[in-house]
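S.K.: Starting off with a structure, shown below.
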Amino acid sequence: MEEKRQDKRVPIGIKLTVSNLYKEHTNTIMDLDLDVEVIDISSKGIGFISQCILPVGYYFIANIELAPQYPQIITDVRIIRSSAIDKEHYRYGCEFVSISPSVGKMLDDFSVTLYSERQ
């Protein structure tokens, strides 16, 4: 897969639940309660796999728990690309929309720590 992120992706296996999707000046898609698997993370965004087709350009609120020693990250995420893996699985690329510099630094530190542990 061609690298499209501005920062290095770090493989990770965490779960998220997408409850609502929204877009400016458009109706909200509510009550999805869709579980997705986050497969990689960077300080700029996440990649995840889902069994549902989700619209590009829509947003959702992500509650990310990296590890017990890190605080939860609650941020808006925008779906920026999607591709089919097979007939039942879809891969998505998302960017963080409203992340503070301190959270970005924490994600950078987490990425470095995780990467060095896997070497």
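All residue names refer to the structure tokens as shown: chains lettered A, B, ... in order, residues numbered from 1 in each chain, ligands numbered from 1 in order.
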Find the residues near stretch 18-25 of chain A: any atom within 8 Å, counting only C-alpha atoms, skip ones fewer than 2 places away on the same chain, and give them as a ChimeraX atom specification.

M.R.: /A:16,27-36,57-62

S.K.: Please provide as a PyMOL selection string all residues within 12 Å of stretch 102-110 of chain A, with the sequence filter that same-chain residues fewer than 6 positions apart are discarded (counting only C-alpha atoms).

M.R.: chain A and resi 7-12+40-46+64-75+96+116-117

S.K.: At what distance in Å, to one decimal, does atom CA of A:Val77 lie from atom CA of A:Cys94?

M.R.: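 If I compute the distance from atom CA of A:Cys94 to atom CA of A:Val77, I get 6.2 Å.
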
S.K.: Would you list the contacts of A:Val56 as a list in words, taking every protein, DNA or RNA residue within 6 Å and counting only C-alpha atoms, but skipping same-chain residues closer than 2 positions in sequence?

M.R.: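 In the requested format, the answer is Tyr58, Ile79, Ile80 and Arg81 of chain A.
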
S.K.: Include C-alpha atoms and write out the residues we just selected as a short mmCIF file (atom, residue, chain, number, x, y, z; two decimals), in the first residue's frame.

M.R.:
data_model
loop_
_atom_site.label_atom_id
_atom_site.label_comp_id
_atom_site.auth_asym_id
_atom_site.auth_seq_id
_atom_site.Cartn_x
_atom_site.Cartn_y
_atom_site.Cartn_z
CA TYR A 58 -17.89 12.05 7.13
CA ILE A 79 -12.72 9.54 6.95
CA ILE A 80 -10.50 10.53 4.02
CA ARG A 81 -10.20 7.30 2.01
#

S.K.: Enter the distance from atom CA of A:Ile39 to atom CA of A:Asn63, in Å, rounded to one decimal.

M.R.: 15.0 Å

S.K.: According to DSSP computed on the backbone, where in chain A is there helix (DSSP H, G or I)? Give the residues as a ChimeraX atom specification.

M.R.: /A:101-117

S.K.: Write to file, as a PDB file, in the first residue's frame, the residues of the selection just made, with N, CA and C atoms.

M.R.:
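Done, and the output landed in part03.pdb:
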ATOM      1  N   PRO A 101      -1.607  20.102  20.216  1.00  0.00           N
ATOM      2  CA  PRO A 101      -0.177  19.796  20.072  1.00  0.00           C
ATOM      3  C   PRO A 101       0.325  18.822  21.143  1.00  0.00           C
ATOM      4  N   SER A 102      -0.193  18.930  22.382  1.00  0.00           N
ATOM      5  CA  SER A 102       0.274  18.025  23.437  1.00  0.00           C
ATOM      6  C   SER A 102      -0.164  16.582  23.157  1.00  0.00           C
ATOM      7  N   VAL A 103      -1.359  16.396  22.618  1.00  0.00           N
ATOM      8  CA  VAL A 103      -1.812  15.045  22.265  1.00  0.00           C
ATOM      9  C   VAL A 103      -1.014  14.528  21.068  1.00  0.00           C
ATOM     10  N   GLY A 104      -0.714  15.397  20.113  1.00  0.00           N
ATOM     11  CA  GLY A 104       0.131  15.009  18.986  1.00  0.00           C
ATOM     12  C   GLY A 104       1.496  14.544  19.453  1.00  0.00           C
ATOM     13  N   LYS A 105       2.073  15.255  20.426  1.00  0.00           N
ATOM     14  CA  LYS A 105       3.374  14.843  20.980  1.00  0.00           C
ATOM     15  C   LYS A 105       3.250  13.505  21.701  1.00  0.00           C
ATOM     16  N   MET A 106       2.152  13.322  22.450  1.00  0.00           N
ATOM     17  CA  MET A 106       1.954  12.053  23.147  1.00  0.00           C
ATOM     18  C   MET A 106       1.870  10.902  22.135  1.00  0.00           C
ATOM     19  N   LEU A 107       1.187  11.126  21.021  1.00  0.00           N
ATOM     20  CA  LEU A 107       1.093  10.090  19.985  1.00  0.00           C
ATOM     21  C   LEU A 107       2.453   9.814  19.358  1.00  0.00           C
ATOM     22  N   ASP A 108       3.245  10.857  19.146  1.00  0.00           N
ATOM     23  CA  ASP A 108       4.609  10.662  18.642  1.00  0.00           C
ATOM     24  C   ASP A 108       5.426   9.830  19.620  1.00  0.00           C
ATOM     25  N   ASP A 109       5.357  10.175  20.907  1.00  0.00           N
ATOM     26  CA  ASP A 109       6.092   9.427  21.931  1.00  0.00           C
ATOM     27  C   ASP A 109       5.627   7.972  21.985  1.00  0.00           C
ATOM     28  N   PHE A 110       4.320   7.771  21.921  1.00  0.00           N
ATOM     29  CA  PHE A 110       3.766   6.413  21.927  1.00  0.00           C
ATOM     30  C   PHE A 110       4.280   5.625  20.726  1.00  0.00           C
ATOM     31  N   SER A 111       4.288   6.261  19.555  1.00  0.00           N
ATOM     32  CA  SER A 111       4.754   5.597  18.334  1.00  0.00           C
ATOM     33  C   SER A 111       6.207   5.174  18.457  1.00  0.00           C
ATOM     34  N   VAL A 112       7.037   6.055  18.982  1.00  0.00           N
ATOM     35  CA  VAL A 112       8.466   5.743  19.157  1.00  0.00           C
ATOM     36  C   VAL A 112       8.630   4.589  20.136  1.00  0.00           C
ATOM     37  N   THR A 113       7.922   4.644  21.262  1.00  0.00           N
ATOM     38  CA  THR A 113       8.010   3.591  22.271  1.00  0.00           C
ATOM     39  C   THR A 113       7.550   2.249  21.706  1.00  0.00           C
ATOM     40  N   LEU A 114       6.416   2.240  21.030  1.00  0.00           N
ATOM     41  CA  LEU A 114       5.873   1.012  20.462  1.00  0.00           C
ATOM     42  C   LEU A 114       6.801   0.450  19.393  1.00  0.00           C
ATOM     43  N   TYR A 115       7.326   1.339  18.543  1.00  0.00           N
ATOM     44  CA  TYR A 115       8.222   0.903  17.477  1.00  0.00           C
ATOM     45  C   TYR A 115       9.491   0.281  18.054  1.00  0.00           C
ATOM     46  N   SER A 116      10.064   0.919  19.094  1.00  0.00           N
ATOM     47  CA  SER A 116      11.297   0.383  19.673  1.00  0.00           C
ATOM     48  C   SER A 116      11.063  -0.938  20.402  1.00  0.00           C
ATOM     49  N   GLU A 117       9.876  -1.116  20.996  1.00  0.00           N
ATOM     50  CA  GLU A 117       9.556  -2.378  21.664  1.00  0.00           C
ATOM     51  C   GLU A 117       9.449  -3.527  20.671  1.00  0.00           C
TER      52      GLU A 117
END

S.K.: Using DSSP secondary structure from the backbone, list all strand (DSSP E) positions within stretch 56-104 of chain A, as a PyMOL selection string.

M.R.: chain A and resi 59-64+73-84+90-96

S.K.: My list of candidates is A:Lys15, A:His89, A:Ala84, A:Glu37. Which is closest to A:Gln51 when distances are computed with only C-alpha atoms?

M.R.: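 Among the listed residues, A:His89 lies closest to A:Gln51.
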